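What follows is the content of work.txt (compact mmCIF, N, CA and C atoms).
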# COMPACT_ATOMS: atom_id res chain seq x y z
N MET A 1 21.72 -25.11 6.57
CA MET A 1 20.65 -25.14 7.52
C MET A 1 19.50 -24.31 6.98
N SER A 2 18.27 -24.80 7.12
CA SER A 2 17.10 -24.02 6.75
C SER A 2 16.01 -24.25 7.78
N VAL A 3 15.31 -23.17 8.11
CA VAL A 3 14.18 -23.21 9.02
C VAL A 3 13.03 -22.54 8.30
N ARG A 4 11.89 -23.23 8.23
CA ARG A 4 10.74 -22.59 7.59
C ARG A 4 9.47 -23.00 8.31
N PRO A 5 8.53 -22.06 8.42
CA PRO A 5 7.25 -22.40 9.04
C PRO A 5 6.49 -23.38 8.16
N ALA A 6 5.93 -24.40 8.75
CA ALA A 6 5.18 -25.40 8.00
C ALA A 6 3.69 -25.04 7.99
N TRP A 7 3.08 -24.85 9.16
CA TRP A 7 1.70 -24.43 9.22
C TRP A 7 1.41 -23.88 10.61
N GLU A 8 0.20 -23.31 10.75
CA GLU A 8 -0.18 -22.64 11.98
C GLU A 8 -1.67 -22.92 12.24
N VAL A 9 -2.01 -23.17 13.51
CA VAL A 9 -3.40 -23.40 13.91
C VAL A 9 -3.72 -22.44 15.03
N ARG A 10 -4.83 -21.71 14.87
CA ARG A 10 -5.27 -20.77 15.90
C ARG A 10 -6.49 -21.33 16.61
N GLU A 11 -6.43 -21.36 17.94
CA GLU A 11 -7.54 -21.81 18.75
C GLU A 11 -7.76 -20.80 19.86
N ASN A 12 -9.00 -20.33 19.98
CA ASN A 12 -9.35 -19.36 21.02
C ASN A 12 -8.33 -18.22 21.03
N GLU A 13 -7.54 -18.14 22.07
CA GLU A 13 -6.56 -17.05 22.18
C GLU A 13 -5.13 -17.52 21.90
N GLY A 14 -4.93 -18.81 21.67
CA GLY A 14 -3.59 -19.34 21.47
C GLY A 14 -3.33 -19.74 20.02
N THR A 15 -2.05 -19.89 19.72
CA THR A 15 -1.63 -20.31 18.39
C THR A 15 -0.61 -21.43 18.53
N THR A 16 -0.75 -22.45 17.70
CA THR A 16 0.23 -23.52 17.65
C THR A 16 0.87 -23.49 16.28
N ARG A 17 2.21 -23.49 16.25
CA ARG A 17 2.94 -23.40 14.98
C ARG A 17 3.90 -24.59 14.84
N TRP A 18 4.02 -25.05 13.60
CA TRP A 18 4.96 -26.11 13.27
C TRP A 18 6.06 -25.53 12.39
N PHE A 19 7.30 -25.97 12.63
CA PHE A 19 8.46 -25.53 11.85
C PHE A 19 9.21 -26.75 11.35
N GLU A 20 9.68 -26.64 10.10
CA GLU A 20 10.50 -27.70 9.51
C GLU A 20 11.96 -27.24 9.51
N PHE A 21 12.85 -28.16 9.91
CA PHE A 21 14.27 -27.87 9.95
C PHE A 21 15.00 -28.85 9.06
N ARG A 22 16.02 -28.36 8.39
CA ARG A 22 16.85 -29.23 7.57
C ARG A 22 18.30 -28.80 7.75
N LEU A 23 19.12 -29.76 8.15
CA LEU A 23 20.56 -29.55 8.26
C LEU A 23 21.25 -30.48 7.30
N VAL A 24 22.14 -29.94 6.50
CA VAL A 24 22.93 -30.76 5.59
C VAL A 24 24.39 -30.44 5.88
N PHE A 25 25.15 -31.48 6.18
CA PHE A 25 26.55 -31.31 6.53
C PHE A 25 27.44 -31.59 5.32
N ALA A 26 28.67 -31.12 5.40
CA ALA A 26 29.62 -31.24 4.29
C ALA A 26 29.91 -32.70 3.95
N ASP A 27 29.86 -33.59 4.95
CA ASP A 27 30.17 -35.00 4.68
C ASP A 27 28.98 -35.78 4.14
N GLY A 28 27.85 -35.11 3.89
CA GLY A 28 26.69 -35.76 3.32
C GLY A 28 25.63 -36.14 4.34
N ALA A 29 25.93 -36.00 5.63
CA ALA A 29 24.94 -36.31 6.66
C ALA A 29 23.81 -35.28 6.59
N ARG A 30 22.60 -35.75 6.93
CA ARG A 30 21.44 -34.86 6.84
C ARG A 30 20.50 -35.13 8.00
N VAL A 31 19.92 -34.04 8.55
CA VAL A 31 18.94 -34.15 9.62
C VAL A 31 17.72 -33.32 9.23
N ASP A 32 16.54 -33.95 9.23
CA ASP A 32 15.27 -33.26 9.02
C ASP A 32 14.46 -33.40 10.29
N ALA A 33 13.87 -32.28 10.74
CA ALA A 33 13.10 -32.30 11.99
C ALA A 33 11.84 -31.47 11.83
N LEU A 34 10.83 -31.84 12.61
CA LEU A 34 9.58 -31.10 12.67
C LEU A 34 9.35 -30.75 14.14
N ALA A 35 9.25 -29.45 14.44
CA ALA A 35 9.05 -29.00 15.81
C ALA A 35 7.75 -28.21 15.89
N VAL A 36 7.09 -28.30 17.04
CA VAL A 36 5.84 -27.59 17.27
C VAL A 36 6.02 -26.63 18.44
N VAL A 37 5.47 -25.42 18.27
CA VAL A 37 5.55 -24.39 19.30
C VAL A 37 4.14 -24.05 19.71
N GLY A 38 3.86 -24.17 20.98
CA GLY A 38 2.53 -23.83 21.48
C GLY A 38 2.49 -23.95 22.98
N GLY A 39 1.69 -23.09 23.60
CA GLY A 39 1.57 -23.14 25.05
C GLY A 39 2.84 -22.81 25.78
N GLY A 40 3.71 -22.04 25.17
CA GLY A 40 4.95 -21.62 25.82
C GLY A 40 6.06 -22.65 25.80
N CYS A 41 5.92 -23.71 25.01
CA CYS A 41 6.99 -24.71 24.96
C CYS A 41 7.25 -25.13 23.51
N VAL A 42 8.40 -25.75 23.32
CA VAL A 42 8.80 -26.27 22.02
C VAL A 42 8.93 -27.78 22.14
N CYS A 43 8.27 -28.52 21.24
CA CYS A 43 8.35 -29.98 21.24
C CYS A 43 8.84 -30.44 19.87
N VAL A 44 9.74 -31.40 19.87
CA VAL A 44 10.22 -31.99 18.63
C VAL A 44 9.32 -33.18 18.34
N GLU A 45 8.60 -33.12 17.22
CA GLU A 45 7.65 -34.18 16.89
C GLU A 45 8.28 -35.30 16.07
N GLU A 46 9.17 -34.94 15.16
CA GLU A 46 9.73 -35.95 14.27
C GLU A 46 11.15 -35.58 13.91
N VAL A 47 12.04 -36.57 13.88
CA VAL A 47 13.43 -36.37 13.48
C VAL A 47 13.81 -37.52 12.56
N ARG A 48 14.36 -37.17 11.41
CA ARG A 48 14.91 -38.16 10.48
C ARG A 48 16.36 -37.77 10.22
N ALA A 49 17.25 -38.71 10.42
CA ALA A 49 18.67 -38.42 10.24
C ALA A 49 19.32 -39.53 9.43
N GLN A 50 20.27 -39.12 8.61
CA GLN A 50 21.03 -40.06 7.80
C GLN A 50 22.49 -39.71 7.96
N PRO A 51 23.33 -40.41 8.62
CA PRO A 51 23.15 -41.60 9.44
C PRO A 51 22.40 -41.28 10.74
N ALA A 52 21.98 -42.31 11.45
CA ALA A 52 21.17 -42.15 12.65
C ALA A 52 21.92 -41.37 13.74
N LEU A 53 21.15 -40.65 14.56
CA LEU A 53 21.72 -39.88 15.67
C LEU A 53 21.75 -40.71 16.94
N SER A 54 22.76 -40.44 17.77
CA SER A 54 22.78 -41.08 19.09
C SER A 54 21.86 -40.28 20.01
N LEU A 55 21.56 -40.81 21.20
CA LEU A 55 20.69 -40.10 22.14
C LEU A 55 21.32 -38.77 22.58
N ASP A 56 22.63 -38.75 22.75
CA ASP A 56 23.31 -37.49 23.13
C ASP A 56 23.18 -36.45 22.02
N ASP A 57 23.36 -36.89 20.78
CA ASP A 57 23.20 -35.97 19.64
C ASP A 57 21.77 -35.45 19.54
N LEU A 58 20.80 -36.31 19.85
CA LEU A 58 19.40 -35.91 19.81
C LEU A 58 19.10 -34.84 20.87
N ALA A 59 19.68 -34.96 22.05
CA ALA A 59 19.49 -33.97 23.10
C ALA A 59 20.08 -32.62 22.69
N VAL A 60 21.24 -32.65 22.05
CA VAL A 60 21.85 -31.42 21.57
C VAL A 60 21.01 -30.79 20.46
N LEU A 61 20.47 -31.63 19.59
CA LEU A 61 19.61 -31.15 18.51
C LEU A 61 18.36 -30.46 19.07
N ALA A 62 17.76 -31.04 20.10
CA ALA A 62 16.56 -30.44 20.70
C ALA A 62 16.87 -29.06 21.29
N ASP A 63 17.99 -28.92 21.96
CA ASP A 63 18.37 -27.61 22.51
C ASP A 63 18.61 -26.61 21.39
N TRP A 64 19.26 -27.05 20.32
CA TRP A 64 19.56 -26.16 19.20
C TRP A 64 18.28 -25.70 18.51
N ILE A 65 17.34 -26.63 18.31
CA ILE A 65 16.08 -26.30 17.67
C ILE A 65 15.29 -25.32 18.52
N GLU A 66 15.31 -25.50 19.84
CA GLU A 66 14.57 -24.60 20.73
C GLU A 66 15.05 -23.16 20.56
N GLU A 67 16.36 -22.97 20.46
CA GLU A 67 16.91 -21.62 20.27
C GLU A 67 16.50 -21.04 18.92
N LEU A 68 16.56 -21.84 17.85
CA LEU A 68 16.18 -21.35 16.53
C LEU A 68 14.70 -21.00 16.44
N VAL A 69 13.85 -21.82 17.05
CA VAL A 69 12.42 -21.53 17.04
C VAL A 69 12.13 -20.27 17.83
N ALA A 70 12.79 -20.08 18.94
CA ALA A 70 12.60 -18.87 19.74
C ALA A 70 12.97 -17.64 18.93
N GLU A 71 14.04 -17.71 18.15
CA GLU A 71 14.43 -16.59 17.28
C GLU A 71 13.41 -16.37 16.18
N ALA A 72 12.87 -17.45 15.60
CA ALA A 72 11.90 -17.33 14.51
C ALA A 72 10.58 -16.75 15.00
N CYS A 73 10.22 -17.03 16.26
CA CYS A 73 8.94 -16.57 16.80
C CYS A 73 9.04 -15.25 17.55
N ALA A 74 10.23 -14.76 17.82
CA ALA A 74 10.39 -13.57 18.66
C ALA A 74 9.67 -12.37 18.07
N GLY A 75 8.77 -11.81 18.87
CA GLY A 75 8.10 -10.57 18.51
C GLY A 75 7.07 -10.63 17.42
N SER A 76 6.65 -11.81 16.99
CA SER A 76 5.64 -11.86 15.94
C SER A 76 4.54 -12.81 16.33
N GLY A 77 3.40 -12.59 15.72
CA GLY A 77 2.26 -13.46 15.93
C GLY A 77 1.47 -13.11 17.17
N PRO A 78 0.33 -13.75 17.37
CA PRO A 78 -0.55 -13.44 18.48
C PRO A 78 0.06 -13.73 19.83
N ASP A 79 0.98 -14.69 19.92
CA ASP A 79 1.57 -15.01 21.21
C ASP A 79 2.73 -14.09 21.57
N GLY A 80 3.35 -13.45 20.60
CA GLY A 80 4.50 -12.59 20.85
C GLY A 80 4.09 -11.19 21.21
N PRO A 81 5.06 -10.39 21.67
CA PRO A 81 4.74 -9.03 22.08
C PRO A 81 4.32 -8.12 20.94
N GLY A 82 4.69 -8.45 19.70
CA GLY A 82 4.33 -7.60 18.57
C GLY A 82 2.87 -7.74 18.17
N ALA A 83 2.29 -8.92 18.36
CA ALA A 83 0.89 -9.22 18.03
C ALA A 83 0.50 -8.67 16.67
N GLU A 84 1.21 -9.08 15.62
CA GLU A 84 0.94 -8.61 14.27
C GLU A 84 -0.10 -9.49 13.59
N ARG A 85 -0.63 -9.01 12.49
CA ARG A 85 -1.53 -9.81 11.68
C ARG A 85 -0.74 -10.87 10.94
N ARG A 86 -1.47 -11.78 10.33
CA ARG A 86 -0.81 -12.83 9.58
C ARG A 86 -0.06 -12.26 8.39
N ARG A 87 -0.68 -11.31 7.68
CA ARG A 87 0.00 -10.63 6.59
C ARG A 87 0.50 -9.30 7.13
N ALA A 88 1.78 -9.08 7.01
CA ALA A 88 2.34 -7.83 7.51
C ALA A 88 2.00 -6.71 6.55
N ARG A 89 1.05 -5.91 6.91
CA ARG A 89 0.62 -4.78 6.08
C ARG A 89 0.81 -3.52 6.91
N PRO A 90 1.38 -2.47 6.31
CA PRO A 90 1.56 -1.25 7.08
C PRO A 90 0.22 -0.69 7.53
N ALA A 91 0.22 -0.05 8.71
CA ALA A 91 -1.00 0.57 9.20
C ALA A 91 -1.37 1.72 8.27
N TRP A 92 -2.62 1.76 7.86
CA TRP A 92 -3.07 2.77 6.91
C TRP A 92 -4.33 3.42 7.44
N PRO A 93 -4.36 4.74 7.56
CA PRO A 93 -5.56 5.39 8.09
C PRO A 93 -6.73 5.26 7.14
N ARG A 94 -7.92 5.22 7.71
CA ARG A 94 -9.14 5.13 6.91
C ARG A 94 -9.71 6.52 6.70
N GLY A 95 -10.65 6.62 5.81
CA GLY A 95 -11.37 7.87 5.61
C GLY A 95 -10.59 8.90 4.82
N ALA A 96 -10.85 10.17 5.13
CA ALA A 96 -10.27 11.28 4.37
C ALA A 96 -8.75 11.31 4.46
N GLU A 97 -8.21 10.99 5.62
CA GLU A 97 -6.75 10.98 5.78
C GLU A 97 -6.10 9.94 4.88
N GLY A 98 -6.69 8.75 4.80
CA GLY A 98 -6.17 7.71 3.93
C GLY A 98 -6.23 8.11 2.47
N ARG A 99 -7.33 8.74 2.06
CA ARG A 99 -7.45 9.18 0.65
C ARG A 99 -6.43 10.27 0.34
N ARG A 100 -6.16 11.13 1.30
CA ARG A 100 -5.16 12.19 1.09
C ARG A 100 -3.77 11.57 0.91
N LEU A 101 -3.45 10.56 1.71
CA LEU A 101 -2.15 9.89 1.58
C LEU A 101 -2.05 9.11 0.27
N VAL A 102 -3.15 8.53 -0.19
CA VAL A 102 -3.17 7.83 -1.48
C VAL A 102 -2.86 8.83 -2.59
N ALA A 103 -3.49 10.01 -2.53
CA ALA A 103 -3.27 11.03 -3.55
C ALA A 103 -1.82 11.51 -3.54
N GLN A 104 -1.23 11.65 -2.35
CA GLN A 104 0.17 12.07 -2.27
C GLN A 104 1.10 11.02 -2.89
N ALA A 105 0.88 9.74 -2.57
CA ALA A 105 1.71 8.68 -3.13
C ALA A 105 1.54 8.61 -4.65
N TYR A 106 0.32 8.79 -5.12
CA TYR A 106 0.03 8.75 -6.56
C TYR A 106 0.77 9.87 -7.29
N ARG A 107 0.65 11.10 -6.78
CA ARG A 107 1.30 12.25 -7.43
C ARG A 107 2.81 12.17 -7.36
N ALA A 108 3.36 11.69 -6.24
CA ALA A 108 4.81 11.55 -6.12
C ALA A 108 5.35 10.57 -7.15
N ALA A 109 4.63 9.47 -7.37
CA ALA A 109 5.06 8.48 -8.37
C ALA A 109 4.97 9.06 -9.77
N GLN A 110 3.94 9.85 -10.04
CA GLN A 110 3.82 10.49 -11.36
C GLN A 110 5.00 11.42 -11.61
N LEU A 111 5.38 12.19 -10.59
CA LEU A 111 6.50 13.12 -10.75
C LEU A 111 7.82 12.39 -10.96
N ASP A 112 7.96 11.21 -10.35
CA ASP A 112 9.19 10.42 -10.49
C ASP A 112 9.19 9.60 -11.77
N GLY A 113 8.08 9.55 -12.46
CA GLY A 113 7.99 8.77 -13.69
C GLY A 113 7.74 7.30 -13.43
N ALA A 114 7.29 6.96 -12.23
CA ALA A 114 7.01 5.56 -11.88
C ALA A 114 5.52 5.28 -12.05
N ASP A 115 5.17 4.02 -11.95
CA ASP A 115 3.77 3.62 -12.05
C ASP A 115 3.03 4.04 -10.78
N PRO A 116 2.05 4.94 -10.87
CA PRO A 116 1.37 5.43 -9.67
C PRO A 116 0.56 4.35 -8.95
N VAL A 117 0.00 3.40 -9.69
CA VAL A 117 -0.79 2.36 -9.04
C VAL A 117 0.12 1.46 -8.21
N LEU A 118 1.30 1.13 -8.75
CA LEU A 118 2.25 0.33 -7.99
C LEU A 118 2.73 1.08 -6.75
N ALA A 119 2.87 2.39 -6.85
CA ALA A 119 3.28 3.19 -5.70
C ALA A 119 2.22 3.13 -4.61
N VAL A 120 0.95 3.21 -4.98
CA VAL A 120 -0.13 3.14 -4.00
C VAL A 120 -0.20 1.73 -3.41
N MET A 121 0.02 0.71 -4.25
CA MET A 121 0.04 -0.66 -3.75
C MET A 121 1.13 -0.84 -2.71
N GLY A 122 2.32 -0.30 -2.99
CA GLY A 122 3.43 -0.42 -2.05
C GLY A 122 3.19 0.36 -0.76
N ALA A 123 2.56 1.52 -0.88
CA ALA A 123 2.32 2.35 0.30
C ALA A 123 1.24 1.76 1.20
N THR A 124 0.19 1.22 0.60
CA THR A 124 -0.93 0.71 1.39
C THR A 124 -0.78 -0.75 1.77
N GLY A 125 -0.09 -1.53 0.93
CA GLY A 125 0.01 -2.96 1.16
C GLY A 125 -1.20 -3.72 0.64
N HIS A 126 -2.07 -3.04 -0.10
CA HIS A 126 -3.27 -3.67 -0.64
C HIS A 126 -3.01 -4.18 -2.06
N SER A 127 -3.96 -4.98 -2.54
CA SER A 127 -3.87 -5.53 -3.89
C SER A 127 -4.09 -4.43 -4.93
N ARG A 128 -3.88 -4.79 -6.19
CA ARG A 128 -4.07 -3.82 -7.27
C ARG A 128 -5.52 -3.34 -7.34
N ARG A 129 -6.45 -4.27 -7.22
CA ARG A 129 -7.86 -3.90 -7.29
C ARG A 129 -8.26 -2.95 -6.15
N THR A 130 -7.83 -3.24 -4.94
CA THR A 130 -8.15 -2.36 -3.82
C THR A 130 -7.46 -1.02 -3.96
N SER A 131 -6.23 -1.01 -4.46
CA SER A 131 -5.52 0.25 -4.67
C SER A 131 -6.22 1.11 -5.72
N LEU A 132 -6.71 0.48 -6.79
CA LEU A 132 -7.46 1.23 -7.80
C LEU A 132 -8.75 1.81 -7.21
N ARG A 133 -9.36 1.06 -6.34
CA ARG A 133 -10.57 1.55 -5.68
C ARG A 133 -10.24 2.75 -4.80
N LEU A 134 -9.12 2.70 -4.07
CA LEU A 134 -8.70 3.83 -3.23
C LEU A 134 -8.37 5.06 -4.08
N ILE A 135 -7.72 4.83 -5.22
CA ILE A 135 -7.40 5.94 -6.13
C ILE A 135 -8.69 6.56 -6.66
N GLY A 136 -9.66 5.73 -7.01
CA GLY A 136 -10.94 6.24 -7.48
C GLY A 136 -11.65 7.08 -6.44
N ARG A 137 -11.58 6.65 -5.19
CA ARG A 137 -12.21 7.44 -4.12
C ARG A 137 -11.49 8.77 -3.93
N ALA A 138 -10.16 8.77 -4.08
CA ALA A 138 -9.41 10.03 -3.98
C ALA A 138 -9.78 10.95 -5.14
N ARG A 139 -10.01 10.40 -6.34
CA ARG A 139 -10.46 11.20 -7.49
C ARG A 139 -11.85 11.78 -7.23
N ASP A 140 -12.75 10.94 -6.70
CA ASP A 140 -14.12 11.40 -6.42
C ASP A 140 -14.14 12.54 -5.41
N GLU A 141 -13.18 12.52 -4.49
CA GLU A 141 -13.12 13.57 -3.48
C GLU A 141 -12.45 14.84 -4.01
N GLY A 142 -11.87 14.77 -5.21
CA GLY A 142 -11.24 15.93 -5.82
C GLY A 142 -9.76 16.08 -5.50
N LEU A 143 -9.16 15.05 -4.91
CA LEU A 143 -7.74 15.12 -4.56
C LEU A 143 -6.85 14.81 -5.76
N LEU A 144 -7.38 14.14 -6.76
CA LEU A 144 -6.65 13.83 -7.99
C LEU A 144 -7.47 14.33 -9.17
N SER A 145 -6.78 14.59 -10.27
CA SER A 145 -7.49 15.06 -11.46
C SER A 145 -8.36 13.94 -12.02
N PRO A 146 -9.46 14.29 -12.71
CA PRO A 146 -10.33 13.25 -13.27
C PRO A 146 -9.58 12.38 -14.28
N ARG A 147 -9.99 11.16 -14.39
CA ARG A 147 -9.33 10.20 -15.30
C ARG A 147 -9.54 10.62 -16.75
N ARG A 148 -10.77 10.96 -17.11
CA ARG A 148 -11.09 11.37 -18.48
C ARG A 148 -11.88 12.66 -18.42
N ALA A 149 -11.67 13.50 -19.43
CA ALA A 149 -12.45 14.75 -19.52
C ALA A 149 -13.85 14.40 -19.97
N ARG A 150 -14.85 14.88 -19.26
CA ARG A 150 -16.25 14.59 -19.61
C ARG A 150 -16.76 15.64 -20.56
N ARG A 151 -17.59 15.23 -21.50
CA ARG A 151 -18.11 16.15 -22.52
C ARG A 151 -19.51 16.55 -22.21

Taking this structure as input, can you express it in the form of structure tokens?
Amino acid sequence: MSVRPAWEVRENEGTTRWFEFRLVFADGARVDALAVVGGGCVCVEEVRAQPALSLDDLAVLADWIEELVAEACAGSGPDGPGAERRRARPAWPRGAEGRRLVAQAYRAAQLDGADPVLAVMGATGHSRRTSLRLIGRARDEGLLSPRRARR
């Protein structure tokens, strides 16, 4: 069994999401389904089965999909109680506090013998370029030693 998000559409304050389901049974039978979640309900848009499903089997499949989609959507996204961003990035303070934390992560990685830029990337959740920019700002503020000795 596999469940994966297919795509997402945001309108005004609501979000509509599509999920693809695939069930493969030991005897070779297979069921592929596309379900949409939006407006507080789950709708099955498309089902392909080999061999074909009976109406009773289809009703059971719809109930099963509803439970799996509810688990996949629980606590995430704009409609859920967590209301997270699309990319899960840890909350990072801005300004002087953020630069101080960047400097701490950088120095801790240096002491451990790890790559300091990767440590800052992991701590902030930002790309390499943005992390280098944050490190540069921490250097400019005097929280890290200068990159090169000036003559």

Next on the checklist: Give me, as a list in words, the residues of range 8-71 of chain A that a backbone DSSP run labels helix (DSSP H, G or I).
Outcome noted: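 Residues meeting the helix (DSSP H, G or I) criterion: Leu55, Asp56, Asp57, Leu58, Ala59, Val60, Leu61, Ala62, Asp63, Trp64, Ile65, Glu66, Glu67, Leu68, Val69, Ala70 and Glu71 of chain A.
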
Item to check | Shell around Arg139 in chain A at 12 Å using only C-alpha atoms, local window under 5 positions removed, as a list in words | outcome: Ala96, Arg99, Arg100, Val102, Ala103, Gln104, Tyr106, Arg107, Leu132, Arg133, Leu134, Leu144, Ser145, Pro146, Arg147 and Arg148 of chain A

Checklist entry - Suppose you want the space between CA of Asp57 in chain A and CA of Gly39 in chain A; what is it in Å? => result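 Result for CA of Asp57 in chain A versus CA of Gly39 in chain A: 25.7 Å, one decimal.
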
Item to check | Nearest to Val37 in chain A by atom-to-atom distance, counting only C-alpha atoms, from A:Ala6, A:Asp56, A:Phe21, A:Thr15 | outcome: A:Thr15

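Shortest atom-to-atom contact with Val3 in chain A among A:Ala119, A:Leu23, A:Ala49, A:Val42: A:Leu23, counting only N, CA and C atoms.
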
Item to check | Filtered DSSP result for range 2-147 of chain A, state strand (DSSP E or B), as a PyMOL selection string | outcome: chain A and resi 2-11+14-24+30-38+41-50

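Atom pair CA of Gly125 in chain A / CA of Trp92 in chain A: separated by 8.7 Å.
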
Checklist entry - Quick one, how far is CA of Leu61 in chain A from CA of Cys41 in chain A? => result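 Value for the CA of Leu61 in chain A-CA of Cys41 in chain A distance: 15.6 Å.
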
Checklist entry - With distances taken over only N, CA and C atoms, which of A:Leu68, A:Leu118, A:Val47, A:Leu143 is nearest to Ser131 in chain A? => result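 For Ser131 in chain A, the nearest of the candidates is A:Leu118.
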
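Using only C-alpha atoms, the contacts of Ala33 in chain A at a cut-off of 12 Å, with sequence neighbours closer than 5 positions omitted, comprise Met1, Ser2, Val3, Arg4, Pro5, Ala6, Trp18, Phe19, Glu20, Phe21, Arg22, Leu23, Val24, Cys43, Val44, Glu45, Glu46, Val47, Arg48, Ala49, Gln50, Leu58, Leu61, Ala62, Trp64, Ile65, Glu66 and Val69 of chain A.
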
Selected residues written out with N, CA and C atoms, as an mmCIF file, in the frame of the given file:
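Output contents, as saved in result.cif:
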data_model
loop_
_atom_site.group_PDB
_atom_site.id
_atom_site.type_symbol
_atom_site.label_atom_id
_atom_site.label_comp_id
_atom_site.auth_asym_id
_atom_site.auth_seq_id
_atom_site.Cartn_x
_atom_site.Cartn_y
_atom_site.Cartn_z
ATOM 1 N N MET A 1 21.720 -25.110 6.570
ATOM 2 C CA MET A 1 20.650 -25.140 7.520
ATOM 3 C C MET A 1 19.500 -24.310 6.980
ATOM 4 N N SER A 2 18.270 -24.800 7.120
ATOM 5 C CA SER A 2 17.100 -24.020 6.750
ATOM 6 C C SER A 2 16.010 -24.250 7.780
ATOM 7 N N VAL A 3 15.310 -23.170 8.110
ATOM 8 C CA VAL A 3 14.180 -23.210 9.020
ATOM 9 C C VAL A 3 13.030 -22.540 8.300
ATOM 10 N N ARG A 4 11.890 -23.230 8.230
ATOM 11 C CA ARG A 4 10.740 -22.590 7.590
ATOM 12 C C ARG A 4 9.470 -23.000 8.310
ATOM 13 N N PRO A 5 8.530 -22.060 8.420
ATOM 14 C CA PRO A 5 7.250 -22.400 9.040
ATOM 15 C C PRO A 5 6.490 -23.380 8.160
ATOM 16 N N ALA A 6 5.930 -24.400 8.750
ATOM 17 C CA ALA A 6 5.180 -25.400 8.000
ATOM 18 C C ALA A 6 3.690 -25.040 7.990
ATOM 19 N N TRP A 18 4.020 -25.050 13.600
ATOM 20 C CA TRP A 18 4.960 -26.110 13.270
ATOM 21 C C TRP A 18 6.060 -25.530 12.390
ATOM 22 N N PHE A 19 7.300 -25.970 12.630
ATOM 23 C CA PHE A 19 8.460 -25.530 11.850
ATOM 24 C C PHE A 19 9.210 -26.750 11.350
ATOM 25 N N GLU A 20 9.680 -26.640 10.100
ATOM 26 C CA GLU A 20 10.500 -27.700 9.510
ATOM 27 C C GLU A 20 11.960 -27.240 9.510
ATOM 28 N N PHE A 21 12.850 -28.160 9.910
ATOM 29 C CA PHE A 21 14.270 -27.870 9.950
ATOM 30 C C PHE A 21 15.000 -28.850 9.060
ATOM 31 N N ARG A 22 16.020 -28.360 8.390
ATOM 32 C CA ARG A 22 16.850 -29.230 7.570
ATOM 33 C C ARG A 22 18.300 -28.800 7.750
ATOM 34 N N LEU A 23 19.120 -29.760 8.150
ATOM 35 C CA LEU A 23 20.560 -29.550 8.260
ATOM 36 C C LEU A 23 21.250 -30.480 7.300
ATOM 37 N N VAL A 24 22.140 -29.940 6.500
ATOM 38 C CA VAL A 24 22.930 -30.760 5.590
ATOM 39 C C VAL A 24 24.390 -30.440 5.880
ATOM 40 N N CYS A 43 8.270 -28.520 21.240
ATOM 41 C CA CYS A 43 8.350 -29.980 21.240
ATOM 42 C C CYS A 43 8.840 -30.440 19.870
ATOM 43 N N VAL A 44 9.740 -31.400 19.870
ATOM 44 C CA VAL A 44 10.220 -31.990 18.630
ATOM 45 C C VAL A 44 9.320 -33.180 18.340
ATOM 46 N N GLU A 45 8.600 -33.120 17.220
ATOM 47 C CA GLU A 45 7.650 -34.180 16.890
ATOM 48 C C GLU A 45 8.280 -35.300 16.070
ATOM 49 N N GLU A 46 9.170 -34.940 15.160
ATOM 50 C CA GLU A 46 9.730 -35.950 14.270
ATOM 51 C C GLU A 46 11.150 -35.580 13.910
ATOM 52 N N VAL A 47 12.040 -36.570 13.880
ATOM 53 C CA VAL A 47 13.430 -36.370 13.480
ATOM 54 C C VAL A 47 13.810 -37.520 12.560
ATOM 55 N N ARG A 48 14.360 -37.170 11.410
ATOM 56 C CA ARG A 48 14.910 -38.160 10.480
ATOM 57 C C ARG A 48 16.360 -37.770 10.220
ATOM 58 N N ALA A 49 17.250 -38.710 10.420
ATOM 59 C CA ALA A 49 18.670 -38.420 10.240
ATOM 60 C C ALA A 49 19.320 -39.530 9.430
ATOM 61 N N GLN A 50 20.270 -39.120 8.610
ATOM 62 C CA GLN A 50 21.030 -40.060 7.800
ATOM 63 C C GLN A 50 22.490 -39.710 7.960
ATOM 64 N N LEU A 58 20.800 -36.310 19.850
ATOM 65 C CA LEU A 58 19.400 -35.910 19.810
ATOM 66 C C LEU A 58 19.100 -34.840 20.870
ATOM 67 N N LEU A 61 20.470 -31.630 19.590
ATOM 68 C CA LEU A 61 19.610 -31.150 18.510
ATOM 69 C C LEU A 61 18.360 -30.460 19.070
ATOM 70 N N ALA A 62 17.760 -31.040 20.100
ATOM 71 C CA ALA A 62 16.560 -30.440 20.700
ATOM 72 C C ALA A 62 16.870 -29.060 21.290
ATOM 73 N N TRP A 64 19.260 -27.050 20.320
ATOM 74 C CA TRP A 64 19.560 -26.160 19.200
ATOM 75 C C TRP A 64 18.280 -25.700 18.510
ATOM 76 N N ILE A 65 17.340 -26.630 18.310
ATOM 77 C CA ILE A 65 16.080 -26.300 17.670
ATOM 78 C C ILE A 65 15.290 -25.320 18.520
ATOM 79 N N GLU A 66 15.310 -25.500 19.840
ATOM 80 C CA GLU A 66 14.570 -24.600 20.730
ATOM 81 C C GLU A 66 15.050 -23.160 20.560
ATOM 82 N N VAL A 69 13.850 -21.820 17.050
ATOM 83 C CA VAL A 69 12.420 -21.530 17.040
ATOM 84 C C VAL A 69 12.130 -20.270 17.830
#

Checklist entry - So which one's closest to Leu53 in chain A, A:Arg30, A:Arg17, A:Arg10, A:Arg94? Using only C-alpha atoms, please. => result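 With only C-alpha atoms as the atom set, the closest residue is A:Arg30.
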
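With only C-alpha atoms taken into account, the protein and nucleic acid residues at most 9 Å from Met121 in chain A (excluding it and anything under 5 positions from it in its own chain) are A:Pro116, A:His126, A:Ser127, A:Arg128, A:Thr130, A:Ser131, A:Leu132.
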